[in-house]
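Student: For reference, the structure I am asking about is given below.
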Amino acid sequence: MLARVPRALFCMLLIVALSLSSAPPAHAAESPAYRSGSLLVKLRAGALTQFRLPAGARVQSALASNLYSVQVQPGDEQRMLAHLQALPSVAYAQLDHAVAAQIQPHDARYSEQWNMERIGAPEAWAVVTDTTALVVAVLDTGIAEAHPDLQGQLWRNPGEIANNGVDDDHNGFVDDVHGWHFYHTYSNGQAYTHDDSSISDANGHGTHVAGIIGATGDNGMGVTGVAWRARLMIVRVLEDDAVGWESDVIRGVNYAIANGARIVHMSLGQTESSPALMDMITQAEERGVLVVAAAGNTGNQVLFPAAYPTVLSVGASDQHDQRAGFSAFGARLDLLAPGVDILSTWNGVPYFARSGTSMAAPHVSGAAALLWTRMPNMTPAQVRRCLLQTAIDLGPPGRDDNHGWGLLNIGRALQQNCQSLTFLPLMAS
C-alpha cells in the first residue's frame, strides 16, 4: 500500500506572466568553426630573428606587425598550436576562427524573446540550427502535439504504426508513436501502475518547456526554440496538476534511453535525495545520455535530480543577468539561463510567457543539442563541461554558489574545439 507523498515532492517549477505581438523566412548554413590548415601566430617584439617554424608549417602571409598567417597540414592544427604556444618567441598562437553574419529567425514574435540574445543564440545559429540528428526526451506534463510550432518537431518512433492497437516494434508500448505516458492511479489507498499513449498536455507546462528547446524556427510564425529543427520525444510523467511520482519518472528516463534519446530534460524536482532515481541517472550517463534539470524555485538549495553530480543543474536569470530571487542556488548549481518572462508555446492560447527554473533549464537542453550536433563524438561529460567553461562569468572569477559557472552562452561554446579543451576540475558538475 502506498501513501500519497506531499505535492511539493514533485513540483512544477513556476511563476506566471503574460504577453502578445507580430512579423516573416530565411535560412542558416552550416559552417566550419575554424579555417582548416591555418593558424595565426603573433611574435614577441624583437623575436623575429630567433623564430623558426616547425617542419610542416610555413608563413602564408603577414597580417600586421609581428602577426602572421601560418599554413599547416589540415588536421594537424591542434598539434602545431601546442608546439607554437610553447615557443618563447611566440606571444600567442590561435586557430583562424570562422566569422559569420549573425542570424535572426523571421518568427512573428521573436522580438519578444529577449532570452535568445542573452544566451548567444544568434551567433550559434550562424553555425548550426538543425538538431534532428539526435533526440531530446522531454519528461513533463506532455506536449500539445498539434501546436503549429511543435507538430513538425516531434520524434517519430520508426517501428510503430499509429493507432493500430499493436506494439509493432515489440518494445512493450502500444502505439508509442511520439512517446509514452507513465502514471499511477489510486483506489482504496492502493497504487496501480498504468501506461498509455495519452501524451497530450492539458496543463501547458510541458508544451512551454518543449517550445523553448525546439519550437520551429524561421517559419514566419510565433516563436523560435533554441534549436530550429528538433526531434522531441514526449515522455509524460506529470499529470494535469503538474504532479507525478518518482517511480514514473524513473520509468520515463528508462524509456527515453531505450528508445534512443541522447538528452533527457526534466523541468521538475523533489526535495529528497533518492538512491533509485540517482541510480537511473547514473545509468543514463553510462549509456551516453546527458541529463539536464531545473534547479528549482526554492530560493534556496537545489532540488533533485538537478543536485546529482552528473546532471546539468540550471537556475534562472533575469533580464539584467542576475539570478532570479526565486531560483535555487548553492554548491550544486551549475549554470544560469534566462527564466523570467519567457515567451514560448502553450496549449489553449498558442503562446504564453512564464517564469521559473522550468523555463531556464530548456535553454540548456537546446544548447546541448546544438553543441552535440556540431561535435557528435563528445561524451555527456564533455558536453556538460564545455557549456560550463564557456559560460559568461557573472560573479567572482570561476564558479560561485550564487551563479554557478555563469550565464549559458551557446555562441561561445560553438566557437571552441571542446574536444581538445583541458578540463578544469568542476566542483559542482
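Every chain in the C-alpha cells has a letter given in the order shown (A, B, ...), and although residue numbers restart at 1 in each chain, ligands are simply numbered from 1 in the order shown.
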Please provide as a list in words all residues within 7 Å of segment 274-291 of chain A, with the sequence filter that same-chain residues fewer than 5 positions apart are discarded (counting only C-alpha atoms).

Tutor: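 The residues satisfying every condition are Ile250, Ile257, Arg262, Ile263, Val264, His265, Tyr308, Val311, Leu312, Thr379 and Pro380 of chain A.
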
Student: Store the residues of this selection in a file with N, CA and C atoms, as an mmCIF file, in the first residue's frame.

Tutor:
data_model
loop_
_atom_site.group_PDB
_atom_site.id
_atom_site.type_symbol
_atom_site.label_atom_id
_atom_site.label_comp_id
_atom_site.auth_asym_id
_atom_site.auth_seq_id
_atom_site.Cartn_x
_atom_site.Cartn_y
_atom_site.Cartn_z
ATOM 1 N N ILE A 250 11.366 7.526 -13.141
ATOM 2 C CA ILE A 250 12.400 6.513 -13.386
ATOM 3 C C ILE A 250 12.051 5.695 -14.622
ATOM 4 N N ILE A 257 15.965 6.418 -22.689
ATOM 5 C CA ILE A 257 17.263 5.835 -23.026
ATOM 6 C C ILE A 257 17.085 4.671 -24.001
ATOM 7 N N ARG A 262 19.278 11.120 -26.642
ATOM 8 C CA ARG A 262 20.638 11.485 -26.230
ATOM 9 C C ARG A 262 20.624 12.509 -25.099
ATOM 10 N N ILE A 263 19.535 13.275 -25.009
ATOM 11 C CA ILE A 263 19.382 14.265 -23.950
ATOM 12 C C ILE A 263 18.052 14.003 -23.260
ATOM 13 N N VAL A 264 18.075 13.940 -21.943
ATOM 14 C CA VAL A 264 16.845 13.810 -21.152
ATOM 15 C C VAL A 264 16.656 15.114 -20.393
ATOM 16 N N HIS A 265 15.518 15.768 -20.632
ATOM 17 C CA HIS A 265 15.236 17.051 -19.993
ATOM 18 C C HIS A 265 14.145 16.890 -18.935
ATOM 19 N N TYR A 308 22.125 16.010 -8.459
ATOM 20 C CA TYR A 308 23.028 14.883 -8.651
ATOM 21 C C TYR A 308 24.236 15.308 -9.486
ATOM 22 N N VAL A 311 24.193 15.566 -13.449
ATOM 23 C CA VAL A 311 23.081 16.319 -14.052
ATOM 24 C C VAL A 311 23.479 17.772 -14.203
ATOM 25 N N LEU A 312 23.178 18.362 -15.369
ATOM 26 C CA LEU A 312 23.385 19.793 -15.551
ATOM 27 C C LEU A 312 22.260 20.520 -14.825
ATOM 28 N N THR A 379 31.467 13.102 -25.316
ATOM 29 C CA THR A 379 30.748 12.360 -24.281
ATOM 30 C C THR A 379 29.796 13.321 -23.560
ATOM 31 N N PRO A 380 28.829 12.793 -22.789
ATOM 32 C CA PRO A 380 27.986 13.692 -21.985
ATOM 33 C C PRO A 380 28.810 14.590 -21.068
#

Student: Do a neighbour search on Gly56 of chain A at 9 Å with only C-alpha atoms, toss out local chain neighbours closer than 3 positions, and write the hits as a PyMOL selection string.

Tutor: chain A and resi 53+71-73+80

Student: Could you take the residues named above and write them with N, CA and C atoms, as a short mmCIF file (atom, residue, chain, number, x, y, z; two decimals), in the first residue's frame?

Tutor:
data_model
loop_
_atom_site.label_atom_id
_atom_site.label_comp_id
_atom_site.auth_asym_id
_atom_site.auth_seq_id
_atom_site.Cartn_x
_atom_site.Cartn_y
_atom_site.Cartn_z
N LEU A 53 60.00 28.23 -37.68
CA LEU A 53 58.77 27.42 -37.78
C LEU A 53 59.11 25.94 -37.71
N GLN A 71 50.50 28.43 -42.48
CA GLN A 71 49.83 27.28 -43.08
C GLN A 71 50.40 25.99 -42.50
N VAL A 72 49.50 25.07 -42.10
CA VAL A 72 49.90 23.75 -41.60
C VAL A 72 49.06 22.69 -42.31
N GLN A 73 49.39 21.44 -42.09
CA GLN A 73 48.61 20.37 -42.69
C GLN A 73 47.20 20.32 -42.09
N MET A 80 50.20 21.48 -33.93
CA MET A 80 51.04 22.63 -34.24
C MET A 80 50.78 23.78 -33.27
#

Student: With a cut-off of 7 Å, could you pull out the residues of segment 319-357 of chain A touching segment 205-226 of chain A and give me the nearest pair of atoms for each, distance in Å to one decimal, using only C-alpha atoms, ordered by chain and ascending number, as CSV?

Tutor:
residue,atom,partner,partner_atom,distance
A:Ser344,CA,A:His208,CA,5.3
A:Thr345,CA,A:His208,CA,4.9
A:Trp346,CA,A:His208,CA,5.4
A:Asn347,CA,A:Thr207,CA,6.9

Student: What are the DSSP strand (DSSP E or B) residues of segment 28-114 of chain A, as a ChimeraX atom specification?

Tutor: /A:34-43,58-64,67-71,90-97

Student: Suppose we keep N, CA, C and O atoms; can you now write the selection as a compact mmCIF listing (two decimals), in the first residue's frame?

Tutor:
# COMPACT_ATOMS: atom_id res chain seq x y z
N TYR A 34 36.55 26.83 -37.60
CA TYR A 34 37.82 27.49 -37.87
C TYR A 34 38.33 27.04 -39.23
O TYR A 34 37.91 26.02 -39.78
N ARG A 35 39.26 27.81 -39.78
CA ARG A 35 39.80 27.55 -41.11
C ARG A 35 40.77 26.38 -41.06
O ARG A 35 41.72 26.38 -40.27
N SER A 36 40.52 25.38 -41.87
CA SER A 36 41.37 24.20 -41.90
C SER A 36 42.77 24.55 -42.42
O SER A 36 42.91 25.29 -43.39
N GLY A 37 43.79 24.04 -41.73
CA GLY A 37 45.16 24.21 -42.20
C GLY A 37 45.73 25.59 -41.99
O GLY A 37 46.72 25.96 -42.65
N SER A 38 45.15 26.36 -41.07
CA SER A 38 45.62 27.74 -40.89
C SER A 38 45.69 28.10 -39.41
O SER A 38 44.78 27.77 -38.65
N LEU A 39 46.78 28.78 -39.02
CA LEU A 39 46.94 29.30 -37.66
C LEU A 39 47.35 30.76 -37.74
O LEU A 39 47.94 31.20 -38.73
N LEU A 40 47.04 31.51 -36.69
CA LEU A 40 47.50 32.89 -36.55
C LEU A 40 48.55 32.92 -35.46
O LEU A 40 48.31 32.44 -34.34
N VAL A 41 49.74 33.50 -35.77
CA VAL A 41 50.86 33.49 -34.84
C VAL A 41 51.39 34.90 -34.66
O VAL A 41 51.72 35.59 -35.63
N LYS A 42 51.45 35.35 -33.41
CA LYS A 42 51.99 36.66 -33.05
C LYS A 42 53.34 36.45 -32.36
O LYS A 42 53.44 35.72 -31.37
N LEU A 43 54.41 37.10 -32.90
CA LEU A 43 55.73 37.01 -32.30
C LEU A 43 55.95 38.13 -31.30
O LEU A 43 55.39 39.22 -31.43
N ARG A 58 54.47 26.74 -42.74
CA ARG A 58 55.11 27.83 -43.48
C ARG A 58 54.28 29.10 -43.34
O ARG A 58 53.05 29.03 -43.16
N VAL A 59 54.95 30.24 -43.41
CA VAL A 59 54.24 31.52 -43.35
C VAL A 59 53.47 31.72 -44.65
O VAL A 59 54.04 31.64 -45.74
N GLN A 60 52.17 31.96 -44.51
CA GLN A 60 51.33 32.20 -45.67
C GLN A 60 51.32 33.69 -46.02
O GLN A 60 51.43 34.06 -47.18
N SER A 61 51.18 34.53 -44.97
CA SER A 61 51.17 35.98 -45.21
C SER A 61 51.38 36.71 -43.89
O SER A 61 51.11 36.17 -42.81
N ALA A 62 51.87 37.96 -44.00
CA ALA A 62 51.96 38.84 -42.84
C ALA A 62 50.67 39.62 -42.74
O ALA A 62 50.22 40.23 -43.72
N LEU A 63 50.03 39.60 -41.57
CA LEU A 63 48.73 40.26 -41.40
C LEU A 63 48.87 41.64 -40.78
O LEU A 63 48.09 42.54 -41.09
N ALA A 64 49.81 41.80 -39.89
CA ALA A 64 50.05 43.06 -39.21
C ALA A 64 51.44 42.95 -38.57
O ALA A 64 52.15 41.96 -38.77
N LEU A 67 52.45 39.78 -36.72
CA LEU A 67 51.33 38.83 -36.76
C LEU A 67 51.29 38.15 -38.13
O LEU A 67 51.25 38.83 -39.16
N TYR A 68 51.28 36.81 -38.14
CA TYR A 68 51.40 36.06 -39.38
C TYR A 68 50.31 34.99 -39.48
O TYR A 68 49.89 34.41 -38.48
N SER A 69 49.90 34.73 -40.71
CA SER A 69 49.06 33.59 -41.02
C SER A 69 49.99 32.45 -41.40
O SER A 69 50.81 32.58 -42.32
N VAL A 70 49.89 31.34 -40.68
CA VAL A 70 50.79 30.20 -40.87
C VAL A 70 50.00 29.02 -41.40
O VAL A 70 48.96 28.64 -40.83
N GLN A 71 50.50 28.43 -42.48
CA GLN A 71 49.83 27.28 -43.08
C GLN A 71 50.40 25.99 -42.50
O GLN A 71 51.62 25.83 -42.39
N VAL A 90 57.08 33.21 -29.23
CA VAL A 90 55.69 33.38 -29.66
C VAL A 90 54.87 34.03 -28.54
O VAL A 90 54.82 33.51 -27.42
N ALA A 91 54.25 35.18 -28.86
CA ALA A 91 53.38 35.85 -27.89
C ALA A 91 52.08 35.07 -27.74
O ALA A 91 51.58 34.86 -26.64
N TYR A 92 51.52 34.66 -28.86
CA TYR A 92 50.35 33.78 -28.84
C TYR A 92 50.20 33.12 -30.21
O TYR A 92 50.71 33.60 -31.22
N ALA A 93 49.50 31.99 -30.21
CA ALA A 93 49.12 31.30 -31.44
C ALA A 93 47.68 30.84 -31.27
O ALA A 93 47.27 30.46 -30.17
N GLN A 94 46.92 30.90 -32.34
CA GLN A 94 45.50 30.55 -32.24
C GLN A 94 45.00 30.00 -33.56
O GLN A 94 45.65 30.10 -34.60
N LEU A 95 43.81 29.42 -33.49
CA LEU A 95 43.11 28.99 -34.70
C LEU A 95 42.60 30.22 -35.45
O LEU A 95 42.37 31.28 -34.87
N ASP A 96 42.40 30.06 -36.75
CA ASP A 96 41.80 31.12 -37.59
C ASP A 96 40.29 30.88 -37.58
O ASP A 96 39.75 30.15 -38.41
N HIS A 97 39.62 31.48 -36.59
CA HIS A 97 38.20 31.20 -36.37
C HIS A 97 37.30 31.72 -37.48
O HIS A 97 37.58 32.76 -38.09

Student: Report as an MDAnalysis selection string all protein, DNA and RNA residues lying within 12 Å of Gln151 of chain A, evaluated on only C-alpha atoms, omitting residues in the same chain fewer than 3 positions from it.

Tutor: chainID A and resid 143:148 154:156 178 200 207 210:211 214:216 229:234 345

Student: Would you mind reading off the distance between atom CA of Ala133 of chain A and atom CA of Thr373 of chain A, one decimal, in Å?

Tutor: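 Computing it gives 6.7 Å between the two atoms.
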
Student: Rounded to one decimal place, report the atom CA of Arg251 of chain A-atom CA of Ile161 of chain A distance in Å.

Tutor: 22.6 Å

Student: Would you mind reading off the distance between atom CA of Val166 of chain A and atom CA of Leu238 of chain A, one decimal, in Å?

Tutor: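 Between atom CA of Val166 of chain A and atom CA of Leu238 of chain A the gap works out to 25.0 Å.
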
Student: For His403 of chain A, which residue out of A:Gly315, A:Gly356, A:Gly296, A:Pro338 is the nearest one, using only C-alpha atoms?

Tutor: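 Nearest candidate to His403 of chain A out of A:Gly315, A:Gly356, A:Gly296, A:Pro338: A:Gly315.
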
Student: With only C-alpha atoms as the atoms that count, which of A:Val302, A:Leu336, A:Ile103, A:Leu84 lies nearest to Gly395 of chain A?

Tutor: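 Of the candidates, the smallest distance to Gly395 of chain A is held by A:Leu336.
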
Student: Using only C-alpha atoms, which residue out of A:Ile119, A:Leu48, A:Ala261, A:Ala369 lies closest to Thr390 of chain A?

Tutor: A:Ile119

Student: Have a look at A:Ala316, A:Leu333, A:Ala328, A:Leu388 and name the one nearest to Ala361 of chain A; count only C-alpha atoms.

Tutor: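 Of A:Ala316, A:Leu333, A:Ala328, A:Leu388, the one nearest Ala361 of chain A, counting only C-alpha atoms, is A:Ala316.
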
Student: Among segment 36-179 of chain A, which residues does DSSP mark as alpha helix (DSSP H) when it is run on the backbone? Keep the chain and numbering as in the structure and answer as a list of chain:residue names.

Tutor: A:Glu77, A:Gln78, A:Arg79, A:Met80, A:Leu81, A:Ala82, A:His83, A:Leu84, A:Gln85, A:Trp114, A:Asn115, A:Met116, A:Glu117, A:Arg118, A:Ala121, A:Pro122, A:Glu123, A:Ala124, A:Trp125

Student: Take the residues from that selection and write them out as a PDB file, in the first residue's frame, keeping N, CA and C atoms.

Tutor:
ATOM      1  N   GLU A  77      46.217  20.968 -36.908  1.00  0.00           N
ATOM      2  CA  GLU A  77      46.161  22.295 -36.288  1.00  0.00           C
ATOM      3  C   GLU A  77      46.439  22.247 -34.785  1.00  0.00           C
ATOM      4  N   GLN A  78      45.819  21.312 -34.084  1.00  0.00           N
ATOM      5  CA  GLN A  78      45.957  21.284 -32.627  1.00  0.00           C
ATOM      6  C   GLN A  78      47.382  20.945 -32.191  1.00  0.00           C
ATOM      7  N   ARG A  79      48.022  20.008 -32.864  1.00  0.00           N
ATOM      8  CA  ARG A  79      49.406  19.644 -32.512  1.00  0.00           C
ATOM      9  C   ARG A  79      50.345  20.827 -32.745  1.00  0.00           C
ATOM     10  N   MET A  80      50.195  21.475 -33.926  1.00  0.00           N
ATOM     11  CA  MET A  80      51.043  22.627 -34.243  1.00  0.00           C
ATOM     12  C   MET A  80      50.780  23.785 -33.271  1.00  0.00           C
ATOM     13  N   LEU A  81      49.518  23.946 -32.909  1.00  0.00           N
ATOM     14  CA  LEU A  81      49.149  25.012 -31.980  1.00  0.00           C
ATOM     15  C   LEU A  81      49.876  24.834 -30.647  1.00  0.00           C
ATOM     16  N   ALA A  82      49.860  23.627 -30.133  1.00  0.00           N
ATOM     17  CA  ALA A  82      50.529  23.352 -28.863  1.00  0.00           C
ATOM     18  C   ALA A  82      52.038  23.581 -28.966  1.00  0.00           C
ATOM     19  N   HIS A  83      52.611  23.188 -30.107  1.00  0.00           N
ATOM     20  CA  HIS A  83      54.051  23.374 -30.321  1.00  0.00           C
ATOM     21  C   HIS A  83      54.413  24.858 -30.348  1.00  0.00           C
ATOM     22  N   LEU A  84      53.656  25.624 -31.116  1.00  0.00           N
ATOM     23  CA  LEU A  84      53.955  27.052 -31.268  1.00  0.00           C
ATOM     24  C   LEU A  84      53.735  27.818 -29.965  1.00  0.00           C
ATOM     25  N   GLN A  85      52.691  27.479 -29.245  1.00  0.00           N
ATOM     26  CA  GLN A  85      52.397  28.178 -27.990  1.00  0.00           C
ATOM     27  C   GLN A  85      53.504  27.983 -26.952  1.00  0.00           C
ATOM     28  N   TRP A 114      13.591  38.026 -25.513  1.00  0.00           N
ATOM     29  CA  TRP A 114      14.822  38.650 -25.029  1.00  0.00           C
ATOM     30  C   TRP A 114      15.874  37.618 -24.648  1.00  0.00           C
ATOM     31  N   ASN A 115      15.404  36.438 -24.299  1.00  0.00           N
ATOM     32  CA  ASN A 115      16.267  35.382 -23.790  1.00  0.00           C
ATOM     33  C   ASN A 115      17.256  34.848 -24.818  1.00  0.00           C
ATOM     34  N   MET A 116      16.888  34.846 -26.097  1.00  0.00           N
ATOM     35  CA  MET A 116      17.747  34.226 -27.102  1.00  0.00           C
ATOM     36  C   MET A 116      19.046  35.010 -27.317  1.00  0.00           C
ATOM     37  N   GLU A 117      18.965  36.315 -27.348  1.00  0.00           N
ATOM     38  CA  GLU A 117      20.180  37.135 -27.468  1.00  0.00           C
ATOM     39  C   GLU A 117      21.097  36.890 -26.277  1.00  0.00           C
ATOM     40  N   ARG A 118      20.499  36.752 -25.088  1.00  0.00           N
ATOM     41  CA  ARG A 118      21.289  36.638 -23.863  1.00  0.00           C
ATOM     42  C   ARG A 118      22.153  35.386 -23.827  1.00  0.00           C
ATOM     43  N   ALA A 121      22.426  32.914 -28.812  1.00  0.00           N
ATOM     44  CA  ALA A 121      21.792  32.061 -29.823  1.00  0.00           C
ATOM     45  C   ALA A 121      22.026  32.540 -31.254  1.00  0.00           C
ATOM     46  N   PRO A 122      21.928  33.860 -31.564  1.00  0.00           N
ATOM     47  CA  PRO A 122      22.169  34.267 -32.959  1.00  0.00           C
ATOM     48  C   PRO A 122      23.548  33.868 -33.466  1.00  0.00           C
ATOM     49  N   GLU A 123      24.578  33.957 -32.627  1.00  0.00           N
ATOM     50  CA  GLU A 123      25.917  33.518 -33.035  1.00  0.00           C
ATOM     51  C   GLU A 123      25.942  32.017 -33.279  1.00  0.00           C
ATOM     52  N   ALA A 124      25.221  31.279 -32.438  1.00  0.00           N
ATOM     53  CA  ALA A 124      25.160  29.824 -32.603  1.00  0.00           C
ATOM     54  C   ALA A 124      24.418  29.455 -33.887  1.00  0.00           C
ATOM     55  N   TRP A 125      23.337  30.160 -34.183  1.00  0.00           N
ATOM     56  CA  TRP A 125      22.534  29.839 -35.362  1.00  0.00           C
ATOM     57  C   TRP A 125      23.293  30.076 -36.665  1.00  0.00           C
TER      58      TRP A 125
END
